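Novice: Sharing structure_29.txt (compact mmCIF, C-alpha atoms) below.
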```
# COMPACT_ATOMS: atom_id res chain seq x y z
CA MET A 1 13.22 -55.66 -144.93
CA MET A 2 13.71 -57.33 -141.57
CA TYR A 3 16.23 -60.15 -141.37
CA SER A 4 15.51 -63.05 -139.08
CA ASP A 5 18.67 -65.09 -139.36
CA VAL A 6 22.37 -64.53 -139.56
CA VAL A 7 24.99 -66.98 -140.80
CA LEU A 8 28.46 -66.90 -139.30
CA ASN A 9 30.85 -68.91 -141.41
CA LEU A 10 34.51 -69.82 -141.64
CA PRO A 11 36.51 -69.32 -144.83
CA ASP A 12 36.75 -72.32 -147.16
CA TRP A 13 40.47 -72.93 -146.55
CA VAL A 14 39.80 -73.82 -142.92
CA ARG A 15 38.33 -77.19 -143.84
CA GLY A 16 41.57 -78.15 -145.57
CA SER A 17 43.67 -77.08 -142.58
CA VAL A 18 41.55 -79.20 -140.28
CA GLU A 19 41.49 -82.21 -142.60
CA ASP A 20 45.25 -82.04 -143.08
CA SER A 21 45.79 -82.06 -139.32
CA ALA A 22 45.96 -85.12 -137.09
CA GLY A 23 42.65 -84.07 -135.51
CA VAL A 24 44.08 -84.88 -132.09
CA PHE A 25 46.51 -82.58 -130.29
CA PRO A 26 47.81 -84.17 -127.09
CA THR A 27 49.66 -81.15 -125.60
CA VAL A 28 48.54 -77.55 -125.09
CA GLU A 29 51.53 -76.44 -127.15
CA GLU A 30 50.37 -78.51 -130.12
CA ARG A 31 46.87 -77.08 -129.74
CA MET A 32 48.24 -73.54 -129.57
CA GLN A 33 50.52 -74.13 -132.53
CA PHE A 34 47.51 -75.15 -134.56
CA VAL A 35 45.39 -72.10 -133.67
CA ILE A 36 48.33 -69.72 -134.23
CA GLU A 37 48.69 -71.25 -137.67
CA LEU A 38 44.98 -70.55 -138.28
CA SER A 39 45.50 -66.90 -137.25
CA ARG A 40 48.43 -66.65 -139.65
CA GLN A 41 46.54 -68.24 -142.53
CA ASN A 42 43.64 -65.89 -141.86
CA ILE A 43 45.79 -62.83 -142.52
CA GLU A 44 47.80 -64.37 -145.37
CA ARG A 45 44.63 -65.32 -147.20
CA LYS A 46 42.98 -62.02 -146.24
CA THR A 47 39.93 -63.67 -144.77
CA GLY A 48 39.89 -61.77 -141.46
CA GLY A 49 41.80 -60.40 -138.51
CA PRO A 50 44.87 -61.98 -136.86
CA PHE A 51 43.07 -64.22 -134.41
CA GLY A 52 42.48 -67.97 -134.22
CA ALA A 53 40.86 -70.26 -131.67
CA GLY A 54 39.81 -73.85 -131.17
CA VAL A 55 37.77 -75.98 -128.79
CA PHE A 56 39.39 -79.27 -127.82
CA GLU A 57 38.41 -82.17 -125.62
CA ALA A 58 40.69 -81.37 -122.69
CA ASP A 59 41.97 -84.87 -121.88
CA SER A 60 42.36 -86.39 -125.32
CA GLY A 61 43.11 -83.24 -127.29
CA ARG A 62 40.52 -84.16 -129.90
CA LEU A 63 39.62 -81.08 -131.94
CA ILE A 64 35.91 -80.22 -131.76
CA ALA A 65 35.73 -76.91 -133.65
CA VAL A 66 37.86 -73.98 -134.77
CA GLY A 67 37.34 -70.28 -135.27
CA VAL A 68 39.06 -67.35 -136.92
CA ASN A 69 38.16 -63.68 -136.82
CA ARG A 70 35.45 -62.92 -139.40
CA VAL A 71 34.33 -59.41 -138.42
CA GLU A 72 35.14 -57.65 -141.66
CA SER A 73 34.40 -60.57 -143.97
CA THR A 74 30.94 -61.31 -142.56
CA ASN A 75 30.01 -57.70 -141.63
CA CYS A 76 29.49 -58.78 -138.05
CA SER A 77 31.34 -57.35 -135.05
CA ILE A 78 30.35 -60.42 -133.02
CA ALA A 79 32.43 -62.74 -135.23
CA HIS A 80 35.58 -62.96 -133.10
CA ALA A 81 37.62 -66.17 -133.30
CA GLU A 82 36.53 -67.36 -129.85
CA ILE A 83 32.84 -66.74 -130.59
CA MET A 84 33.12 -68.69 -133.84
CA ALA A 85 34.89 -71.62 -132.13
CA ILE A 86 32.43 -71.75 -129.22
CA ALA A 87 29.32 -71.52 -131.43
CA LEU A 88 30.64 -74.18 -133.82
CA ALA A 89 31.69 -76.48 -130.97
CA GLN A 90 28.23 -76.22 -129.43
CA LYS A 91 26.73 -77.07 -132.79
CA ALA A 92 29.03 -80.09 -133.07
CA LEU A 93 28.15 -81.23 -129.56
CA ALA A 94 24.47 -80.28 -129.98
CA SER A 95 24.58 -78.54 -126.61
CA TYR A 96 24.58 -74.94 -125.41
CA ASP A 97 26.45 -76.06 -122.31
CA MET A 98 29.78 -77.76 -122.88
CA GLY A 99 30.07 -78.15 -119.11
CA GLY A 100 27.03 -80.36 -119.00
CA GLU A 101 28.64 -83.60 -120.11
CA PRO A 102 29.87 -85.73 -117.22
CA ASP A 103 32.43 -87.68 -119.28
CA ALA A 104 34.29 -84.90 -121.06
CA SER A 105 35.54 -81.42 -120.36
CA TYR A 106 36.35 -78.89 -123.02
CA GLU A 107 39.13 -76.39 -123.45
CA LEU A 108 39.19 -73.17 -125.46
CA VAL A 109 42.60 -72.39 -126.95
CA THR A 110 42.93 -68.85 -128.29
CA SER A 111 45.84 -67.16 -130.00
CA THR A 112 45.24 -63.93 -128.02
CA GLU A 113 43.65 -63.39 -124.61
CA PRO A 114 39.90 -62.80 -124.91
CA CYS A 115 38.35 -59.34 -125.14
CA VAL A 116 35.52 -58.51 -122.75
CA MET A 117 32.85 -59.94 -125.09
CA CYS A 118 34.71 -63.23 -125.50
CA LEU A 119 35.45 -63.35 -121.77
CA GLY A 120 31.70 -63.32 -121.24
CA ALA A 121 31.18 -65.89 -123.97
CA VAL A 122 33.66 -68.18 -122.17
CA CYS A 123 31.63 -67.88 -118.95
CA TRP A 124 28.42 -69.03 -120.64
CA SER A 125 29.95 -71.69 -122.88
CA GLY A 126 30.70 -74.37 -120.31
CA VAL A 127 34.37 -74.73 -121.29
CA ARG A 128 36.51 -75.67 -118.30
CA THR A 129 39.85 -74.19 -119.36
CA VAL A 130 41.08 -71.30 -121.46
CA VAL A 131 44.60 -71.44 -122.90
CA CYS A 132 45.99 -68.14 -124.21
CA GLY A 133 48.91 -67.24 -126.48
CA ALA A 134 49.48 -63.50 -126.88
CA ARG A 135 48.56 -61.17 -124.03
CA ASP A 136 46.05 -58.32 -123.97
CA GLU A 137 48.93 -55.88 -124.18
CA ASP A 138 50.26 -57.54 -127.33
CA ALA A 139 46.89 -56.85 -129.00
CA ARG A 140 46.75 -53.32 -127.62
CA ARG A 141 50.28 -52.64 -128.84
CA ILE A 142 49.13 -52.93 -132.44
CA GLY A 143 46.00 -50.86 -131.79
CA PHE A 144 43.30 -53.39 -130.90
CA ASP A 145 41.06 -52.61 -127.95
CA GLU A 146 40.23 -55.40 -125.47
CA GLY A 147 37.36 -53.48 -123.89
CA PRO A 148 36.34 -52.89 -120.27
CA LYS A 149 37.46 -56.24 -118.83
CA PRO A 150 37.38 -56.59 -115.06
CA GLN A 151 40.84 -56.00 -113.62
CA ASN A 152 41.36 -59.52 -112.42
CA TRP A 153 39.74 -61.25 -115.31
CA VAL A 154 41.85 -64.38 -114.79
CA ARG A 155 40.73 -64.62 -111.18
CA SER A 156 37.15 -63.90 -112.18
CA LEU A 157 37.21 -66.94 -114.48
CA GLU A 158 39.00 -69.10 -111.92
CA SER A 159 36.39 -68.21 -109.29
CA ARG A 160 33.83 -69.72 -111.70
CA GLY A 161 35.77 -72.95 -111.98
CA ILE A 162 37.35 -72.06 -115.33
CA GLY A 163 41.11 -72.54 -115.38
CA VAL A 164 43.31 -70.09 -117.31
CA GLU A 165 46.72 -70.85 -118.79
CA GLN A 166 48.62 -67.84 -120.16
CA ASP A 167 51.69 -67.27 -122.32
CA VAL A 168 51.62 -70.54 -124.24
CA LEU A 169 53.81 -69.82 -127.30
CA ARG A 170 53.17 -66.14 -126.60
CA GLU A 171 55.97 -64.87 -128.84
CA GLN A 172 54.81 -66.85 -131.84
CA ALA A 173 51.23 -65.70 -131.31
CA ALA A 174 52.25 -62.07 -130.87
CA ALA A 175 54.38 -62.25 -134.02
CA VAL A 176 51.22 -62.78 -136.09
CA LEU A 177 49.74 -59.61 -134.60
CA THR A 178 52.84 -57.65 -135.53
CA GLU A 179 52.86 -59.14 -139.01
CA TYR A 180 49.24 -58.09 -139.47
CA ARG A 181 50.03 -54.50 -138.53
CA ASP A 182 53.10 -54.48 -140.78
CA ARG A 183 50.99 -55.68 -143.70
CA GLY A 184 48.67 -52.73 -143.13
CA GLY A 185 45.77 -54.89 -141.92
CA LEU A 186 42.60 -53.19 -140.75
CA ILE A 187 42.70 -52.43 -137.04
CA TYR A 188 39.01 -52.32 -136.35
CA ASN A 189 37.60 -50.20 -133.56
CA PRO A 190 34.06 -48.87 -133.73
CA GLY A 191 33.50 -45.42 -135.18
CA GLY A 192 31.91 -42.58 -133.29
CA MET B 193 32.54 -83.92 -138.87
CA MET B 194 33.71 -80.34 -138.58
CA TYR B 195 31.13 -77.60 -138.95
CA SER B 196 32.12 -74.39 -140.68
CA ASP B 197 29.00 -72.31 -140.29
CA VAL B 198 26.41 -71.58 -137.68
CA VAL B 199 22.97 -70.10 -138.21
CA LEU B 200 21.43 -67.94 -135.51
CA ASN B 201 17.75 -67.40 -136.19
CA LEU B 202 14.71 -65.79 -134.65
CA PRO B 203 11.47 -67.72 -134.15
CA ASP B 204 8.89 -67.44 -136.93
CA TRP B 205 6.39 -65.42 -134.85
CA VAL B 206 8.82 -62.47 -134.66
CA ARG B 207 8.20 -61.52 -138.27
CA GLY B 208 4.50 -61.09 -137.55
CA SER B 209 5.21 -58.94 -134.49
CA VAL B 210 7.44 -56.68 -136.53
CA GLU B 211 5.05 -56.49 -139.49
CA ASP B 212 2.12 -55.69 -137.20
CA SER B 213 4.05 -52.82 -135.62
CA ALA B 214 4.31 -49.28 -136.93
CA GLY B 215 8.00 -49.89 -137.71
CA VAL B 216 8.83 -46.50 -136.23
CA PHE B 217 8.96 -45.85 -132.49
CA PRO B 218 9.49 -42.16 -131.72
CA THR B 219 10.07 -42.40 -127.94
CA VAL B 220 12.35 -44.64 -125.89
CA GLU B 221 9.30 -45.81 -123.96
CA GLU B 222 7.64 -47.02 -127.16
CA ARG B 223 10.84 -48.79 -128.18
CA MET B 224 11.11 -50.42 -124.76
CA GLN B 225 7.45 -51.40 -124.76
CA PHE B 226 8.04 -53.21 -128.04
CA VAL B 227 11.10 -55.17 -126.87
CA ILE B 228 9.44 -56.07 -123.57
CA GLU B 229 6.54 -57.45 -125.60
CA LEU B 230 9.06 -59.53 -127.59
CA SER B 231 10.53 -60.90 -124.34
CA ARG B 232 7.02 -61.80 -123.14
CA GLN B 233 6.08 -63.47 -126.43
CA ASN B 234 9.33 -65.42 -126.33
CA ILE B 235 8.38 -67.08 -123.04
CA GLU B 236 4.70 -67.50 -123.86
CA ARG B 237 5.52 -69.23 -127.12
CA LYS B 238 8.36 -71.16 -125.45
CA THR B 239 10.93 -70.09 -128.02
CA GLY B 240 13.62 -68.89 -125.59
CA GLY B 241 14.51 -67.06 -122.42
CA PRO B 242 12.80 -63.89 -121.08
CA PHE B 243 14.88 -61.34 -122.96
CA GLY B 244 14.19 -59.07 -125.93
CA ALA B 245 16.18 -56.36 -127.69
CA GLY B 246 16.07 -54.10 -130.71
CA VAL B 247 18.29 -51.76 -132.68
CA PHE B 248 16.65 -48.48 -133.70
CA GLU B 249 17.77 -45.44 -135.60
CA ALA B 250 18.20 -43.12 -132.63
CA ASP B 251 16.64 -39.95 -134.06
CA SER B 252 13.75 -41.31 -136.07
CA GLY B 253 13.01 -44.42 -134.03
CA ARG B 254 12.96 -46.55 -137.16
CA LEU B 255 13.34 -50.22 -136.23
CA ILE B 256 16.39 -51.84 -137.84
CA ALA B 257 16.44 -55.29 -136.24
CA VAL B 258 15.19 -57.22 -133.24
CA GLY B 259 16.48 -60.07 -131.11
CA VAL B 260 15.16 -62.48 -128.52
CA ASN B 261 17.08 -64.99 -126.44
CA ARG B 262 17.67 -68.18 -128.41
CA VAL B 263 20.23 -70.04 -126.29
CA GLU B 264 18.25 -73.19 -125.64
CA SER B 265 16.38 -73.24 -128.96
CA THR B 266 19.50 -72.93 -131.13
CA ASN B 267 21.90 -74.81 -128.82
CA CYS B 268 24.14 -71.78 -128.69
CA SER B 269 25.13 -69.92 -125.52
CA ILE B 270 26.08 -66.88 -127.63
CA ALA B 271 22.49 -66.32 -128.74
CA HIS B 272 21.46 -63.65 -126.23
CA ALA B 273 18.82 -61.12 -127.32
CA GLU B 274 21.34 -58.28 -127.67
CA ILE B 275 23.72 -60.39 -129.76
CA MET B 276 20.89 -61.40 -132.07
CA ALA B 277 19.72 -57.80 -132.48
CA ILE B 278 23.23 -56.45 -133.11
CA ALA B 279 24.16 -59.18 -135.61
CA LEU B 280 20.87 -58.79 -137.50
CA ALA B 281 21.13 -54.98 -137.52
CA GLN B 282 24.65 -55.19 -138.95
CA LYS B 283 23.37 -57.56 -141.61
CA ALA B 284 20.55 -55.11 -142.45
CA LEU B 285 22.99 -52.19 -142.60
CA ALA B 286 25.69 -54.28 -144.35
CA SER B 287 28.23 -52.94 -141.88
CA TYR B 288 30.18 -54.34 -138.93
CA ASP B 289 30.38 -50.81 -137.51
CA MET B 290 27.08 -49.07 -136.87
CA GLY B 291 29.07 -46.06 -135.67
CA GLY B 292 30.60 -45.60 -139.08
CA GLU B 293 27.71 -43.83 -140.78
CA PRO B 294 27.91 -40.06 -140.54
CA ASP B 295 24.19 -39.47 -141.07
CA ALA B 296 22.66 -41.84 -138.55
CA SER B 297 23.33 -43.12 -135.06
CA TYR B 298 21.91 -46.31 -133.66
CA GLU B 299 20.47 -47.28 -130.32
CA LEU B 300 20.24 -50.69 -128.67
CA VAL B 301 17.15 -51.11 -126.52
CA THR B 302 17.24 -54.16 -124.25
CA SER B 303 14.65 -55.48 -121.85
CA THR B 304 17.36 -56.28 -119.26
CA GLU B 305 20.78 -54.70 -118.70
CA PRO B 306 23.47 -56.53 -120.70
CA CYS B 307 25.56 -59.37 -119.26
CA VAL B 308 29.33 -59.11 -119.59
CA MET B 309 29.34 -60.74 -123.05
CA CYS B 310 26.70 -58.37 -124.39
CA LEU B 311 28.42 -55.41 -122.74
CA GLY B 312 31.44 -56.26 -124.86
CA ALA B 313 29.29 -56.78 -127.93
CA VAL B 314 27.88 -53.26 -127.42
CA CYS B 315 31.41 -51.82 -127.37
CA TRP B 316 32.29 -53.37 -130.73
CA SER B 317 28.95 -52.80 -132.44
CA GLY B 318 29.13 -49.06 -133.01
CA VAL B 319 25.77 -48.33 -131.33
CA ARG B 320 25.79 -44.91 -129.66
CA THR B 321 23.20 -45.50 -126.92
CA VAL B 322 21.98 -48.40 -124.82
CA VAL B 323 18.53 -48.18 -123.25
CA CYS B 324 17.81 -50.71 -120.49
CA GLY B 325 14.61 -51.91 -118.83
CA ALA B 326 15.18 -54.36 -115.96
CA ARG B 327 18.35 -54.09 -113.89
CA ASP B 328 21.12 -56.65 -113.40
CA GLU B 329 19.72 -57.37 -109.96
CA ASP B 330 16.29 -58.15 -111.39
CA ALA B 331 17.90 -60.84 -113.55
CA ARG B 332 19.98 -62.12 -110.65
CA ARG B 333 16.94 -62.26 -108.39
CA ILE B 334 15.45 -65.02 -110.54
CA GLY B 335 18.78 -66.85 -110.77
CA PHE B 336 20.44 -65.54 -113.94
CA ASP B 337 24.11 -64.65 -113.76
CA GLU B 338 25.31 -61.42 -115.41
CA GLY B 339 29.00 -62.45 -115.29
CA PRO B 340 32.13 -60.56 -114.26
CA LYS B 341 31.12 -57.09 -115.46
CA PRO B 342 33.37 -54.21 -114.49
CA GLN B 343 31.96 -52.43 -111.45
CA ASN B 344 31.21 -49.21 -113.21
CA TRP B 345 30.01 -50.73 -116.45
CA VAL B 346 27.80 -47.72 -117.17
CA ARG B 347 30.72 -45.36 -116.80
CA SER B 348 32.95 -47.68 -118.84
CA LEU B 349 30.48 -47.40 -121.74
CA GLU B 350 30.07 -43.67 -121.30
CA SER B 351 33.84 -43.18 -121.41
CA ARG B 352 33.70 -44.80 -124.87
CA GLY B 353 31.08 -42.35 -126.04
CA ILE B 354 28.18 -44.78 -125.58
CA GLY B 355 25.29 -43.29 -123.62
CA VAL B 356 23.34 -45.46 -121.17
CA GLU B 357 19.74 -44.92 -120.11
CA GLN B 358 18.52 -47.15 -117.28
CA ASP B 359 15.17 -48.04 -115.70
CA VAL B 360 12.97 -47.40 -118.73
CA LEU B 361 9.75 -49.30 -117.90
CA ARG B 362 11.84 -51.32 -115.46
CA GLU B 363 8.87 -52.79 -113.58
CA GLN B 364 7.21 -54.07 -116.73
CA ALA B 365 10.47 -55.56 -117.95
CA ALA B 366 11.21 -57.18 -114.59
CA ALA B 367 7.67 -58.60 -114.45
CA VAL B 368 8.49 -60.78 -117.48
CA LEU B 369 11.51 -62.18 -115.65
CA THR B 370 9.36 -63.06 -112.65
CA GLU B 371 6.70 -64.59 -114.87
CA TYR B 372 9.35 -66.75 -116.53
CA ARG B 373 10.54 -68.06 -113.17
CA ASP B 374 6.96 -68.66 -112.01
CA ARG B 375 6.26 -70.69 -115.17
CA GLY B 376 9.26 -72.87 -114.30
CA GLY B 377 11.38 -71.60 -117.21
CA LEU B 378 14.92 -72.88 -117.57
CA ILE B 379 17.41 -70.70 -115.70
CA TYR B 380 20.53 -71.52 -117.64
CA ASN B 381 23.94 -71.31 -116.06
CA PRO B 382 26.80 -73.42 -117.36
CA GLY B 383 27.40 -76.77 -115.71
CA GLY B 384 30.66 -77.76 -114.06
```
So, in terms of structure tokens, how does the structure I just supplied come out?
Specialist:
Amino acid sequence: MMYSDVVLNLPDWVRGSVEDSAGVFPTVEERMQFVIELSRQNIERKTGGPFGAGVFEADSGRLIAVGVNRVESTNCSIAHAEIMAIALAQKALASYDMGGEPDASYELVTSTEPCVMCLGAVCWSGVRTVVCGARDEDARRIGFDEGPKPQNWVRSLESRGIGVEQDVLREQAAAVLTEYRDRGGLIYNPGG
Amino acid sequence: MMYSDVVLNLPDWVRGSVEDSAGVFPTVEERMQFVIELSRQNIERKTGGPFGAGVFEADSGRLIAVGVNRVESTNCSIAHAEIMAIALAQKALASYDMGGEPDASYELVTSTEPCVMCLGAVCWSGVRTVVCGARDEDARRIGFDEGPKPQNWVRSLESRGIGVEQDVLREQAAAVLTEYRDRGGLIYNPGG
């Protein structure tokens, strides 16, 4: 049996979180607060790993799409929070290039700095800014692997015209990682 | 309107290509020949960019899943051939970790060396070998960008226990890239 399509989906509770929100988040701190809350809900409800992300219209703060980690729950190692948010935002905008619209620029807000796969996904997405909460080392401290990222990954994005803002509500974001470990959450790294 | 799922699908013709094949490809050259043919069909039928990939059981050569580039056709910059093949193979195996099975190891065969996003996807997939046709520079020569990969990306995979085999039918694979450019195919890089 050969499959020819794959569905990546968010858990049902996400719709409620989005509908209960204002839908517009003027500051980066408000945006980050929202995606950290998604990461926390994702572990409390046991629907995935401790990561949340969202794509926002950079100027207005209008929320376009969100993502949470869905690796275990969808049996798909691609389903990181940033991948989910980017794919869903591109669906919402009906465009594979969020950098292609002259009147709007888009921002990815992620509760933890991207792994190497998501770093690449950022490059191809067309987002103009990445805002990060917890650092790579916060993820590594609880046992997650960020992969073979280039040493100056921030500079490598900036050289492509993608701005990076780090340490936005870092402690709050990192606290969700710690909570996940303390709850005995699955720390997924591929077998060998 | 907030979307909560995204469907990544292969074009309809792929099913026929798979069904017409033997389903088992004993040598890496046969595996590569098959994915190069997918990349060629993808441009001839105008269903995506000039890239094809497949996941095979390494020892037997049994085909588990295939992928072709679907960025433009699904409005999703994540939909590279390797991502499609990995996600579909994990669906077929009902596992987010293809390295987790003691009795089988899996191989990703890709018509062109992975970009940075797909390099990361390989790390998290659990595949044990990556077999590549065309080189990074073949893709760059026609205008595609491979992203900020670490300099020694081959060694970075090998240090994780993932073998890399390069230059398998490289000329044939690269010829599809050239043909795509000569046909005036879209060379997608994000706008800014």
Novice: Determine the nearest neighbour of Gly184 in chain A from the options A:Ile142, A:Leu108, A:Ile78, A:Val130, counting all atoms listed in the file.
Specialist: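 Distance minimum relative to Gly184 in chain A lands on A:Ile142.
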Novice: Give me, as a list in words, the residues of chain A touching chain B, with the criterion being at most 6 Å (counting all atoms listed in the file).
Specialist: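 Close to chain B, chain A has Ser4, Asp5, Val6, Val7, Leu8, Asn9, Leu10, Asn75, Cys76, Ser77, Ala87, Ser95, Tyr96, Asp97, Gly99, Gly100, Val116, Met117, Gly120, Ala121, Trp124, Ser125, Gly126, Pro150, Pro190, Gly191 and Gly192 of chain A.
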Novice: Provide the CA of Gly49 in chain A to CA of Arg140 in chain A distance in Å, to one decimal place.
Specialist: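 Value for the CA of Gly49 in chain A-CA of Arg140 in chain A distance: 13.9 Å.
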Novice: Range 223-229 of chain B, all listed atoms, 4 Å padding on each side: what axis-aligned box centre and edge lengths in Å to one decimal come out, as JSON?
Specialist:
```
{"center_x": 8.8, "center_y": -53.1, "center_z": -125.9, "size_x": 12.6, "size_y": 16.7, "size_z": 12.6}
```
Novice: Name the residues in contact with range 226-240 of chain B at a cut-off of 6 Å, using all atoms listed in the file, excluding same-chain residues fewer than 6 positions from it; report them as a PyMOL selection string.
Specialist: chain B and resi 261-262+303+365+368
Novice: Using C-alpha atoms, can you export the residues from the last selection as a compact mmCIF listing (two decimals), in the coordinates of the input?
Specialist:
```txt
# COMPACT_ATOMS: atom_id res chain seq x y z
CA ASN B 261 17.08 -64.99 -126.44
CA ARG B 262 17.67 -68.18 -128.41
CA SER B 303 14.65 -55.48 -121.85
CA ALA B 365 10.47 -55.56 -117.95
CA VAL B 368 8.49 -60.78 -117.48
```
Novice: Just how far from CA of Ala174 in chain A is CA of Phe25 in chain A, in Å to one decimal?
Specialist: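 It comes out at 21.3 Å.
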Novice: Glu165 in chain A: which residues within 10 Å, counting all atoms listed in the file, same-chain residues fewer than 5 positions away excluded, as a PyMOL selection string?
Specialist: chain A and resi 28+109+113+129-133+154
Novice: What gap, in Å, lies between CA of Gly163 in chain A and CA of Arg62 in chain A?
Specialist: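 Separation between CA of Gly163 in chain A and CA of Arg62 in chain A: 18.6 Å.
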Novice: I'd like to know which of A:Leu177, A:Ala134, A:Ala104, A:Ile187 is closest to Gly61 in chain A, using only C-alpha atoms.
Specialist: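 Counting only C-alpha atoms, the residue closest to Gly61 in chain A is A:Ala104.
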Novice: Would you mind exporting range 362-377 of chain B with C-alpha atoms, as a PDB file, in the first residue's frame?
Specialist:
```pdb
ATOM      1  CA  ARG B 362      24.891  12.363 -10.807  1.00  0.00           C
ATOM      2  CA  GLU B 363      24.951  13.320 -14.490  1.00  0.00           C
ATOM      3  CA  GLN B 364      21.509  11.896 -15.157  1.00  0.00           C
ATOM      4  CA  ALA B 365      20.105  13.611 -12.083  1.00  0.00           C
ATOM      5  CA  ALA B 366      21.729  16.934 -12.964  1.00  0.00           C
ATOM      6  CA  ALA B 367      20.412  16.674 -16.534  1.00  0.00           C
ATOM      7  CA  VAL B 368      16.850  16.952 -15.188  1.00  0.00           C
ATOM      8  CA  LEU B 369      17.782  20.167 -13.396  1.00  0.00           C
ATOM      9  CA  THR B 370      19.187  21.618 -16.607  1.00  0.00           C
ATOM     10  CA  GLU B 371      16.143  20.501 -18.567  1.00  0.00           C
ATOM     11  CA  TYR B 372      13.893  22.227 -16.035  1.00  0.00           C
ATOM     12  CA  ARG B 373      15.783  25.499 -16.441  1.00  0.00           C
ATOM     13  CA  ASP B 374      15.755  25.176 -20.235  1.00  0.00           C
ATOM     14  CA  ARG B 375      11.973  24.675 -20.190  1.00  0.00           C
ATOM     15  CA  GLY B 376      11.672  27.939 -18.242  1.00  0.00           C
ATOM     16  CA  GLY B 377      10.586  26.238 -15.005  1.00  0.00           C
TER      17      GLY B 377
END
```
